[in-house]
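Enquirer: After the C-alpha cells below, expect a handful of questions from me.
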Amino acid sequence: MSIRVRFAPSPTGFLHVGGLRTALYNYLFARRLGGVAVLRIEDTDRSRFVEGASENIIATLRWAGIEFDESPTNGGAFGPYTQSERLDLYRKHAEILREKGEAYFAFDTAAELETMRQRQKEAKQAIRYDRLHMRNELSLGAEASRELLASDIPRVLRLKVPDSGELRFQDSVRGEIVVQCSEIDDQVLLKSDGFPTYHLANVVDDHLMQISHVIRGEEWLPSTSKHVLLYRAFGWEMPVVAHLPLLLNPDKSKLSKRQGDVAVEDYRAKGYLPAALVNFVALLGWNPTADREIYSLQELIDSFDICKVNKGGAVFDLQKLNWMNTEYVKQLDPADAASLLLPAAREAGYEVSSEYLAQVFVLLRERITFLHDLLSVGDYMFHAPQEFEEKFRSKHWKDGSAALLRPWLARVRESSPFDAAGLHELTAAYVEEQGVGFGKLMNPVRLMITGKGAGAGMFDTMALLGRDESLRRMDHFLDGLAQ
RNA sequence: GGUCCGUUCGUCUAGGGGUUAGGACACCGCUCUUUCAAGGCGGCAGCACGGGUUCGAAUCCCGUACGGACUACCA
C-alpha cells in the first residue's frame with residue numbers, strides 16, 4: 001500500500017501552532033515512509049472564510065520548512081487542493097448516497113431545530129436530530145415529500161445513521177474505539193447552500209485522493225464514527241486514523257488565543273527561529289529517545305513513529321520554547337545570523353556591515369534568547385552608551401577608580417597590536433603591579449565603555465570596538481567626571 | 001446533561017511486570033570568573049486514588065476521582 005497523507009486546514013485565520021504540529025507529524029510520517037503528503041484547503045464554510053488566510057497558511061508552512069508534494073494543476077508542486085473548487089464531486093457523491101438510501105433530505109428550519117433541542121435539553125435527553133418527528137423524507141413518506149422536494153424550500157441532506165449496532169475502529173494512537181450507533185446523530189452532509197459539510201467533503205476527498213493515513217487532532221475523534229459510517233455507506237475502504245493529543249493552555253484547556261499566542265505568525269514575529277519552533281512542537285506529544293532534546297528536521301524524520309505518540313494532551317510551555325530558541329540561536333552560523341539580523345539593524349539606524357554584525361553576534365550569542373536581542377543587549381556595540389547603569393556604577397565605581405585607570409589608559413593607548421590577548425596581557429601586568437584584582441579595574445572600564453553591568457568579556461568587546469572608539473568613550477567619561 | 005478520550009516531577013517526556021523510576025525546561029546551590037550569561041557539578045520534585053490479577057504492579061484488569069474534547073446547515 002502506498003503511503004499518502006494530507007494536512008487539511010480551513011482558511012479561517014492564521015495557522016495555529018497545533019495545526020503546525022499536525023502538519024509536521026503528517027510530513028514526518030510521509031517522509032519517514034517514503035510517502036506523499038498533500039495539502040488540502042477545506043473552505044466549505046463560506047461564512048468563516050478569511051481573505052488571504054490560505055496564502056498565509058502556505059507561506060507559514062514554507063517558513064517552517066514543511067513541504068507538500070502534490071498539486072491539482074501540476075504534479076510536483078506544493079500548491080494545495082481547494083475544496084470549493086471541487087463542489088461537483090461532493091454533490092455527485094451526496095446523490096449517490098441518497099440513491100442508496102443512506103441519506104435523506106430534511107426541511108426543518110433553524111427555529112424548528114432549536115425548539116427540538118430545547119425540548120431534548122429540558123427532558124435531559126441526548127441532543128440529536130429527531131428523524132421521526134421532524135420534517136424530512138423519512139418521516140413524511142414518499143407522497144408528502146415529493147411536493148417539498150419539488151418546491152424551493154431549503155433543505156439539507158442528512159446521513160441516515162443505523163438505529164442500532166456497534167461501531168469499532170482502530171486508532172493508531174489510541175487503540176480500539178467503540179461507539180454505539182444509537183449515539184450518533186444524523187449528520188448534515190449537504191448544507192442548504194449546496195456546500196458539503198466537513199464530514200462529507202473530508203471523506204470524499206480522502207477517498208478520491210487515496211489517503212492511506214488520516215493524522216489529525218483529537219477534536220475529530222468523536223466524529224470519526226460518522227466517517228466510518230460514511231465509508232461504509234459508500235462501500236469504500238477506511239484509511240488508518242490517528243488522533244493526536246491536543247495542545248493545551250497552562251490551565252489544561254485546549255490551547256486558545258485568550259491565554260497567549262496561538263498563531264505561528266506570532267512566534268515568527270517575535271523572533272523564534274523556525275527550526276526551534278518545529279523542534280519544540282515536534283516534542284509535544286512524542287519523543288524519539290529519552291535523553292535528547294535537539295533534533296534537526298531530518299533526525300525527526302528518521303525517528304518518527306506514529307504509534308509512539310502520546311495519548312495525553314501537552315501544555316505548551318513558553319519557557320522551554322525560549323530555551324530551545326536560545327540553543328538554536330547559539331548554533332547559528334555567524335554569517336547567517338548577520339544576514340538575518342541586518343534588516344532589523346538597519347531599521348534601528350545602525351549603519352553596520354554584515355561582517356561587523358557577525359562579530360557582534362559571536363561576541364554576545366550566549367547572552368540572547370532572540371537574534372534581535374543583539375540590538376538591545378549589545379546596543380553599545382553600535383553607539384556610545386547614552387546612560388550608565390546606576391546600580392552597577394555605585395557598586396563598582398569607587399573614589400579611587402579614576403586614579404587607578406589613568407596609568408592603565410596610557411598603556412592601552414600605546415599598546416600594539418590592539419587585540420584581546422594583548423589587552424589581557426597588558427592588564428594582567430598592570431593589576432599585578434598595583435596589587436589589585438581584575439575587577440577593581442575592569443568593572444569601571446565596563447561601565448565607561450558599555451554603560452551596562454552585563455556583557456561579554458571586556459577585552460573582546462574593546463578589541464571589536466577598536467582602539468579609537470574604546471578610548472574615546474573612556475576619555476569622554478573621565479572628562480565628564482572632571483567637570 | 002450525554003458520548004468519547006485521557007492521567008509518570010510545576011511543565012515536556014523516557015520507561016509498558018522485578019529500575020535507587022531516567023532525561024530536559026524552570027527553580028535552588030556550588031564552580032568557573034573582570035560583569036552578565038554560557039559551560040561544568042549537584043539539589044528539589046513525580047507514577048491521581050481504591051480494588052483486583054501476580055511471588056512481585058508505575059507497568060495488566062475493573063472501578064472512582066479529576067481533567068479534556070465533542071455534542072452546528074464550523075471545521
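Residues in the C-alpha cells are named by chain (A, B, ... in the order shown) and by number from 1 within that chain; ligands are numbered from 1 in the order shown.
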Need to verify the contact set: Leu200 (chain A), 10 Å, only C-alpha atoms (C1' of nucleotides), exclusion of same-chain residues closer than 3 positions in sequence. Can you return it as number ranges by chain?
Expert: A: 90-91, 93-94, 159, 187-190, 195-197, 203-206, 226-227, 230-231
Enquirer: Excluding same-chain residues fewer than 5 positions from A45 (chain B), what lies within 12 Å of it counting only C-alpha atoms (C1' of nucleotides), as a VMD selection string?
Expert: chain B and resid 9 to 11 26 to 28
Enquirer: Give me, as a ChimeraX atom specification, the residues of chain B touching chain A, with the criterion being at most 10 Å (counting only C-alpha atoms (C1' of nucleotides)).
Expert: /B:1-7,11-15,22-26,33-38,67-75
Enquirer: What is the CA of Arg86 (chain A)-CA of Leu149 (chain A) distance in Å, reported with one decimal?
Expert: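 For CA of Arg86 (chain A) relative to CA of Leu149 (chain A), the distance reads 24.6 Å.
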Enquirer: I need the residues in region 94-315 of chain A that are strand (DSSP E) according to DSSP; give them as a PyMOL selection string.
Expert: chain A and resi 103-106+156-159+166-171+175-180+188-190+213-217+240-244+247-248+314-315
Enquirer: Quick check for you: according to DSSP on this backbone, which residues of region 17-53 of chain A are classed as helix (DSSP H, G or I)? Reply as a PyMOL selection string.
Expert: chain A and resi 17-32+46-48+53
Enquirer: For Asn325 (chain A), list every protein, DNA or RNA residue within 8 Å, evaluated using only C-alpha atoms (C1' of nucleotides), and leave out those in the same chain fewer than 4 positions away; present the list as a PDB file with all heavy atoms, in the first residue's frame.
Expert:
ATOM      1  N   TYR A 272      11.265  33.881  16.951  1.00  0.00           N
ATOM      2  CA  TYR A 272      11.624  32.468  17.115  1.00  0.00           C
ATOM      3  C   TYR A 272      12.120  31.950  15.776  1.00  0.00           C
ATOM      4  O   TYR A 272      11.575  32.285  14.722  1.00  0.00           O
ATOM      5  CB  TYR A 272      10.415  31.649  17.585  1.00  0.00           C
ATOM      6  CG  TYR A 272      10.026  31.955  19.006  1.00  0.00           C
ATOM      7  CD1 TYR A 272       9.052  32.904  19.305  1.00  0.00           C
ATOM      8  CD2 TYR A 272      10.667  31.315  20.076  1.00  0.00           C
ATOM      9  CE1 TYR A 272       8.715  33.218  20.614  1.00  0.00           C
ATOM     10  CE2 TYR A 272      10.328  31.613  21.397  1.00  0.00           C
ATOM     11  CZ  TYR A 272       9.356  32.567  21.658  1.00  0.00           C
ATOM     12  OH  TYR A 272       9.026  32.865  22.943  1.00  0.00           O
ATOM     13  N   LEU A 273      13.139  31.142  15.827  1.00  0.00           N
ATOM     14  CA  LEU A 273      13.671  30.551  14.609  1.00  0.00           C
ATOM     15  C   LEU A 273      12.791  29.370  14.219  1.00  0.00           C
ATOM     16  O   LEU A 273      12.360  28.608  15.094  1.00  0.00           O
ATOM     17  CB  LEU A 273      15.111  30.077  14.837  1.00  0.00           C
ATOM     18  CG  LEU A 273      16.123  31.197  15.126  1.00  0.00           C
ATOM     19  CD1 LEU A 273      17.459  30.610  15.572  1.00  0.00           C
ATOM     20  CD2 LEU A 273      16.313  32.079  13.908  1.00  0.00           C
ATOM     21  N   ALA A 276      13.686  25.997  15.614  1.00  0.00           N
ATOM     22  CA  ALA A 276      13.464  25.868  17.056  1.00  0.00           C
ATOM     23  C   ALA A 276      11.995  25.582  17.343  1.00  0.00           C
ATOM     24  O   ALA A 276      11.659  24.707  18.133  1.00  0.00           O
ATOM     25  CB  ALA A 276      13.905  27.138  17.774  1.00  0.00           C
ATOM     26  N   LEU A 277      11.118  26.317  16.670  1.00  0.00           N
ATOM     27  CA  LEU A 277       9.683  26.124  16.883  1.00  0.00           C
ATOM     28  C   LEU A 277       9.264  24.724  16.432  1.00  0.00           C
ATOM     29  O   LEU A 277       8.500  24.042  17.116  1.00  0.00           O
ATOM     30  CB  LEU A 277       8.883  27.197  16.128  1.00  0.00           C
ATOM     31  CG  LEU A 277       7.381  27.217  16.402  1.00  0.00           C
ATOM     32  CD1 LEU A 277       7.096  27.504  17.865  1.00  0.00           C
ATOM     33  CD2 LEU A 277       6.677  28.239  15.518  1.00  0.00           C
ATOM     34  N   LEU A 321      10.262  26.586  25.201  1.00  0.00           N
ATOM     35  CA  LEU A 321      10.429  27.070  23.826  1.00  0.00           C
ATOM     36  C   LEU A 321      11.543  28.107  23.799  1.00  0.00           C
ATOM     37  O   LEU A 321      12.380  28.111  22.903  1.00  0.00           O
ATOM     38  CB  LEU A 321       9.123  27.713  23.352  1.00  0.00           C
ATOM     39  CG  LEU A 321       8.764  27.805  21.882  1.00  0.00           C
ATOM     40  CD1 LEU A 321       7.943  29.031  21.576  1.00  0.00           C
ATOM     41  CD2 LEU A 321       9.919  27.675  20.926  1.00  0.00           C
ATOM     42  N   VAL A 329      19.765  29.677  18.478  1.00  0.00           N
ATOM     43  CA  VAL A 329      20.458  30.936  18.207  1.00  0.00           C
ATOM     44  C   VAL A 329      21.963  30.729  18.361  1.00  0.00           C
ATOM     45  O   VAL A 329      22.757  31.145  17.518  1.00  0.00           O
ATOM     46  CB  VAL A 329      19.953  32.059  19.140  1.00  0.00           C
ATOM     47  CG1 VAL A 329      20.905  33.248  19.121  1.00  0.00           C
ATOM     48  CG2 VAL A 329      18.555  32.510  18.720  1.00  0.00           C
ATOM     49  N   THR A 369      18.237  35.471  23.801  1.00  0.00           N
ATOM     50  CA  THR A 369      17.217  34.463  23.507  1.00  0.00           C
ATOM     51  C   THR A 369      16.791  34.574  22.044  1.00  0.00           C
ATOM     52  O   THR A 369      16.610  33.579  21.360  1.00  0.00           O
ATOM     53  CB  THR A 369      15.985  34.674  24.405  1.00  0.00           C
ATOM     54  OG1 THR A 369      16.402  34.540  25.766  1.00  0.00           O
ATOM     55  CG2 THR A 369      14.909  33.632  24.129  1.00  0.00           C
ATOM     56  N   PHE A 370      16.638  35.811  21.597  1.00  0.00           N
ATOM     57  CA  PHE A 370      16.273  36.061  20.198  1.00  0.00           C
ATOM     58  C   PHE A 370      17.416  36.796  19.511  1.00  0.00           C
ATOM     59  O   PHE A 370      18.127  37.560  20.159  1.00  0.00           O
ATOM     60  CB  PHE A 370      15.010  36.924  20.116  1.00  0.00           C
ATOM     61  CG  PHE A 370      13.838  36.301  20.805  1.00  0.00           C
ATOM     62  CD1 PHE A 370      13.396  36.800  22.025  1.00  0.00           C
ATOM     63  CD2 PHE A 370      13.193  35.210  20.244  1.00  0.00           C
ATOM     64  CE1 PHE A 370      12.327  36.214  22.668  1.00  0.00           C
ATOM     65  CE2 PHE A 370      12.123  34.627  20.883  1.00  0.00           C
ATOM     66  CZ  PHE A 370      11.692  35.127  22.103  1.00  0.00           C
TER      67      PHE A 370
END
Enquirer: When distances are computed from only C-alpha atoms (C1' of nucleotides), which of B:A58, B:A21, B:C30, B:A65 shows the smallest separation from G43 (chain B)?
Expert: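 Checking each candidate against G43 (chain B), we get B:C30 as the closest.
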Enquirer: As a PDB file with all heavy atoms, in the first residue's frame, please: the residues near Phe477 (chain A) (cut-off 12 Å, only C-alpha atoms (C1' of nucleotides), same-chain neighbours under 6 positions excluded).
Expert:
ATOM      1  N   ALA A 384      27.860  54.839  21.330  1.00  0.00           N
ATOM      2  CA  ALA A 384      28.347  55.051  22.698  1.00  0.00           C
ATOM      3  C   ALA A 384      27.171  54.974  23.666  1.00  0.00           C
ATOM      4  O   ALA A 384      26.045  55.305  23.296  1.00  0.00           O
ATOM      5  CB  ALA A 384      29.018  56.414  22.792  1.00  0.00           C
ATOM      6  N   PRO A 385      27.421  54.507  24.870  1.00  0.00           N
ATOM      7  CA  PRO A 385      26.324  54.401  25.836  1.00  0.00           C
ATOM      8  C   PRO A 385      25.685  55.751  26.099  1.00  0.00           C
ATOM      9  O   PRO A 385      26.382  56.756  26.205  1.00  0.00           O
ATOM     10  CB  PRO A 385      27.007  53.849  27.097  1.00  0.00           C
ATOM     11  CG  PRO A 385      28.452  54.125  26.914  1.00  0.00           C
ATOM     12  CD  PRO A 385      28.698  54.089  25.450  1.00  0.00           C
ATOM     13  N   GLN A 386      24.343  55.743  26.137  1.00  0.00           N
ATOM     14  CA  GLN A 386      23.644  57.005  26.367  1.00  0.00           C
ATOM     15  C   GLN A 386      23.335  57.191  27.844  1.00  0.00           C
ATOM     16  O   GLN A 386      23.072  58.282  28.309  1.00  0.00           O
ATOM     17  CB  GLN A 386      22.357  57.038  25.528  1.00  0.00           C
ATOM     18  CG  GLN A 386      22.645  57.448  24.091  1.00  0.00           C
ATOM     19  CD  GLN A 386      21.839  56.686  23.058  1.00  0.00           C
ATOM     20  OE1 GLN A 386      20.974  55.884  23.400  1.00  0.00           O
ATOM     21  NE2 GLN A 386      22.133  56.933  21.803  1.00  0.00           N
ATOM     22  N   GLU A 387      23.346  56.079  28.558  1.00  0.00           N
ATOM     23  CA  GLU A 387      23.171  56.191  30.008  1.00  0.00           C
ATOM     24  C   GLU A 387      24.018  55.125  30.691  1.00  0.00           C
ATOM     25  O   GLU A 387      24.465  54.173  30.046  1.00  0.00           O
ATOM     26  CB  GLU A 387      21.697  56.051  30.378  1.00  0.00           C
ATOM     27  CG  GLU A 387      21.016  54.883  29.732  1.00  0.00           C
ATOM     28  CD  GLU A 387      19.491  54.978  29.876  1.00  0.00           C
ATOM     29  OE1 GLU A 387      18.975  56.118  29.941  1.00  0.00           O
ATOM     30  OE2 GLU A 387      18.863  53.912  29.950  1.00  0.00           O
ATOM     31  N   PHE A 388      24.245  55.329  31.947  1.00  0.00           N
ATOM     32  CA  PHE A 388      25.130  54.433  32.692  1.00  0.00           C
ATOM     33  C   PHE A 388      24.360  53.805  33.848  1.00  0.00           C
ATOM     34  O   PHE A 388      23.786  54.523  34.673  1.00  0.00           O
ATOM     35  CB  PHE A 388      26.349  55.204  33.186  1.00  0.00           C
ATOM     36  CG  PHE A 388      27.165  55.767  32.050  1.00  0.00           C
ATOM     37  CD1 PHE A 388      26.858  57.012  31.511  1.00  0.00           C
ATOM     38  CD2 PHE A 388      28.194  55.022  31.487  1.00  0.00           C
ATOM     39  CE1 PHE A 388      27.570  57.518  30.430  1.00  0.00           C
ATOM     40  CE2 PHE A 388      28.917  55.528  30.410  1.00  0.00           C
ATOM     41  CZ  PHE A 388      28.603  56.776  29.873  1.00  0.00           C
ATOM     42  N   ALA A 402      39.305  56.491  39.105  1.00  0.00           N
ATOM     43  CA  ALA A 402      39.911  57.303  38.046  1.00  0.00           C
ATOM     44  C   ALA A 402      41.436  57.283  38.156  1.00  0.00           C
ATOM     45  O   ALA A 402      42.143  57.149  37.154  1.00  0.00           O
ATOM     46  CB  ALA A 402      39.381  58.729  38.116  1.00  0.00           C
ATOM     47  N   LEU A 405      42.754  54.092  36.927  1.00  0.00           N
ATOM     48  CA  LEU A 405      42.564  53.904  35.487  1.00  0.00           C
ATOM     49  C   LEU A 405      43.573  54.645  34.615  1.00  0.00           C
ATOM     50  O   LEU A 405      43.991  54.137  33.583  1.00  0.00           O
ATOM     51  CB  LEU A 405      41.157  54.377  35.103  1.00  0.00           C
ATOM     52  CG  LEU A 405      40.023  53.392  35.391  1.00  0.00           C
ATOM     53  CD1 LEU A 405      38.686  54.116  35.425  1.00  0.00           C
ATOM     54  CD2 LEU A 405      40.016  52.291  34.335  1.00  0.00           C
ATOM     55  N   PRO A 444      34.972  49.237  36.319  1.00  0.00           N
ATOM     56  CA  PRO A 444      34.838  50.635  35.863  1.00  0.00           C
ATOM     57  C   PRO A 444      34.990  50.769  34.348  1.00  0.00           C
ATOM     58  O   PRO A 444      34.302  51.587  33.723  1.00  0.00           O
ATOM     59  CB  PRO A 444      35.983  51.341  36.593  1.00  0.00           C
ATOM     60  CG  PRO A 444      36.183  50.537  37.831  1.00  0.00           C
ATOM     61  CD  PRO A 444      35.940  49.119  37.418  1.00  0.00           C
ATOM     62  N   VAL A 445      35.879  49.992  33.769  1.00  0.00           N
ATOM     63  CA  VAL A 445      36.059  50.047  32.317  1.00  0.00           C
ATOM     64  C   VAL A 445      34.754  49.659  31.624  1.00  0.00           C
ATOM     65  O   VAL A 445      34.303  50.300  30.672  1.00  0.00           O
ATOM     66  CB  VAL A 445      37.210  49.114  31.869  1.00  0.00           C
ATOM     67  CG1 VAL A 445      37.233  48.986  30.345  1.00  0.00           C
ATOM     68  CG2 VAL A 445      38.543  49.628  32.374  1.00  0.00           C
ATOM     69  N   ARG A 446      34.144  48.570  32.123  1.00  0.00           N
ATOM     70  CA  ARG A 446      32.869  48.132  31.544  1.00  0.00           C
ATOM     71  C   ARG A 446      31.826  49.239  31.615  1.00  0.00           C
ATOM     72  O   ARG A 446      31.104  49.494  30.659  1.00  0.00           O
ATOM     73  CB  ARG A 446      32.374  46.894  32.291  1.00  0.00           C
ATOM     74  CG  ARG A 446      31.015  46.384  31.804  1.00  0.00           C
ATOM     75  CD  ARG A 446      30.619  45.099  32.510  1.00  0.00           C
ATOM     76  NE  ARG A 446      31.606  44.047  32.274  1.00  0.00           N
ATOM     77  CZ  ARG A 446      31.706  43.341  31.154  1.00  0.00           C
ATOM     78  NH1 ARG A 446      30.872  43.567  30.150  1.00  0.00           N
ATOM     79  NH2 ARG A 446      32.632  42.429  31.022  1.00  0.00           N
ATOM     80  N   LEU A 447      31.796  49.892  32.746  1.00  0.00           N
ATOM     81  CA  LEU A 447      30.823  50.972  32.920  1.00  0.00           C
ATOM     82  C   LEU A 447      31.061  52.082  31.889  1.00  0.00           C
ATOM     83  O   LEU A 447      30.139  52.546  31.231  1.00  0.00           O
ATOM     84  CB  LEU A 447      30.920  51.543  34.331  1.00  0.00           C
ATOM     85  CG  LEU A 447      29.944  52.678  34.635  1.00  0.00           C
ATOM     86  CD1 LEU A 447      28.519  52.150  34.765  1.00  0.00           C
ATOM     87  CD2 LEU A 447      30.350  53.419  35.900  1.00  0.00           C
ATOM     88  N   MET A 448      32.308  52.465  31.722  1.00  0.00           N
ATOM     89  CA  MET A 448      32.630  53.573  30.819  1.00  0.00           C
ATOM     90  C   MET A 448      32.331  53.237  29.356  1.00  0.00           C
ATOM     91  O   MET A 448      31.864  54.073  28.599  1.00  0.00           O
ATOM     92  CB  MET A 448      34.111  53.947  30.961  1.00  0.00           C
ATOM     93  CG  MET A 448      34.455  54.544  32.312  1.00  0.00           C
ATOM     94  SD  MET A 448      36.134  55.205  32.360  1.00  0.00           S
ATOM     95  CE  MET A 448      37.118  53.724  32.232  1.00  0.00           C
ATOM     96  N   ILE A 449      32.632  51.992  29.004  1.00  0.00           N
ATOM     97  CA  ILE A 449      32.502  51.625  27.590  1.00  0.00           C
ATOM     98  C   ILE A 449      31.097  51.176  27.194  1.00  0.00           C
ATOM     99  O   ILE A 449      30.604  51.509  26.120  1.00  0.00           O
ATOM    100  CB  ILE A 449      33.535  50.542  27.224  1.00  0.00           C
ATOM    101  CG1 ILE A 449      34.932  51.180  27.253  1.00  0.00           C
ATOM    102  CG2 ILE A 449      33.249  49.931  25.857  1.00  0.00           C
ATOM    103  CD1 ILE A 449      36.056  50.240  26.913  1.00  0.00           C
ATOM    104  N   THR A 450      30.468  50.422  28.098  1.00  0.00           N
ATOM    105  CA  THR A 450      29.158  49.870  27.725  1.00  0.00           C
ATOM    106  C   THR A 450      28.001  50.533  28.462  1.00  0.00           C
ATOM    107  O   THR A 450      26.867  50.437  28.013  1.00  0.00           O
ATOM    108  CB  THR A 450      29.087  48.353  28.005  1.00  0.00           C
ATOM    109  OG1 THR A 450      28.958  48.139  29.409  1.00  0.00           O
ATOM    110  CG2 THR A 450      30.332  47.641  27.492  1.00  0.00           C
ATOM    111  N   GLY A 451      28.284  51.129  29.581  1.00  0.00           N
ATOM    112  CA  GLY A 451      27.215  51.729  30.372  1.00  0.00           C
ATOM    113  C   GLY A 451      26.416  50.701  31.141  1.00  0.00           C
ATOM    114  O   GLY A 451      25.513  51.025  31.892  1.00  0.00           O
ATOM    115  N   SER A 470      37.103  52.782  21.777  1.00  0.00           N
ATOM    116  CA  SER A 470      37.220  52.415  23.187  1.00  0.00           C
ATOM    117  C   SER A 470      37.786  53.582  23.989  1.00  0.00           C
ATOM    118  O   SER A 470      37.253  53.939  25.049  1.00  0.00           O
ATOM    119  CB  SER A 470      38.133  51.197  23.347  1.00  0.00           C
ATOM    120  OG  SER A 470      37.604  50.097  22.643  1.00  0.00           O
ATOM    121  N   LEU A 471      38.852  54.156  23.487  1.00  0.00           N
ATOM    122  CA  LEU A 471      39.499  55.259  24.208  1.00  0.00           C
ATOM    123  C   LEU A 471      38.616  56.499  24.244  1.00  0.00           C
ATOM    124  O   LEU A 471      38.527  57.190  25.252  1.00  0.00           O
ATOM    125  CB  LEU A 471      40.843  55.581  23.565  1.00  0.00           C
ATOM    126  CG  LEU A 471      41.930  54.530  23.837  1.00  0.00           C
ATOM    127  CD1 LEU A 471      43.150  54.769  22.974  1.00  0.00           C
ATOM    128  CD2 LEU A 471      42.310  54.509  25.319  1.00  0.00           C
ATOM    129  N   GLN A 483      34.644  67.598  35.263  1.00  0.00           N
ATOM    130  CA  GLN A 483      33.943  68.884  35.292  1.00  0.00           C
ATOM    131  C   GLN A 483      33.064  69.046  36.525  1.00  0.00           C
ATOM    132  O   GLN A 483      32.403  68.134  36.930  1.00  0.00           O
ATOM    133  CB  GLN A 483      33.080  69.014  34.028  1.00  0.00           C
ATOM    134  CG  GLN A 483      33.941  69.266  32.797  1.00  0.00           C
ATOM    135  CD  GLN A 483      33.211  68.972  31.514  1.00  0.00           C
ATOM    136  OE1 GLN A 483      31.994  68.834  31.496  1.00  0.00           O
ATOM    137  NE2 GLN A 483      33.983  68.853  30.430  1.00  0.00           N
TER     138      GLN A 483
END
Enquirer: Counting only C-alpha atoms, which residue out of A:Glu265, A:Glu51, A:Glu143, A:Asp130 sits closest to Val17 (chain A)?
Expert: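 Counting only C-alpha atoms, the residue closest to Val17 (chain A) is A:Glu265.
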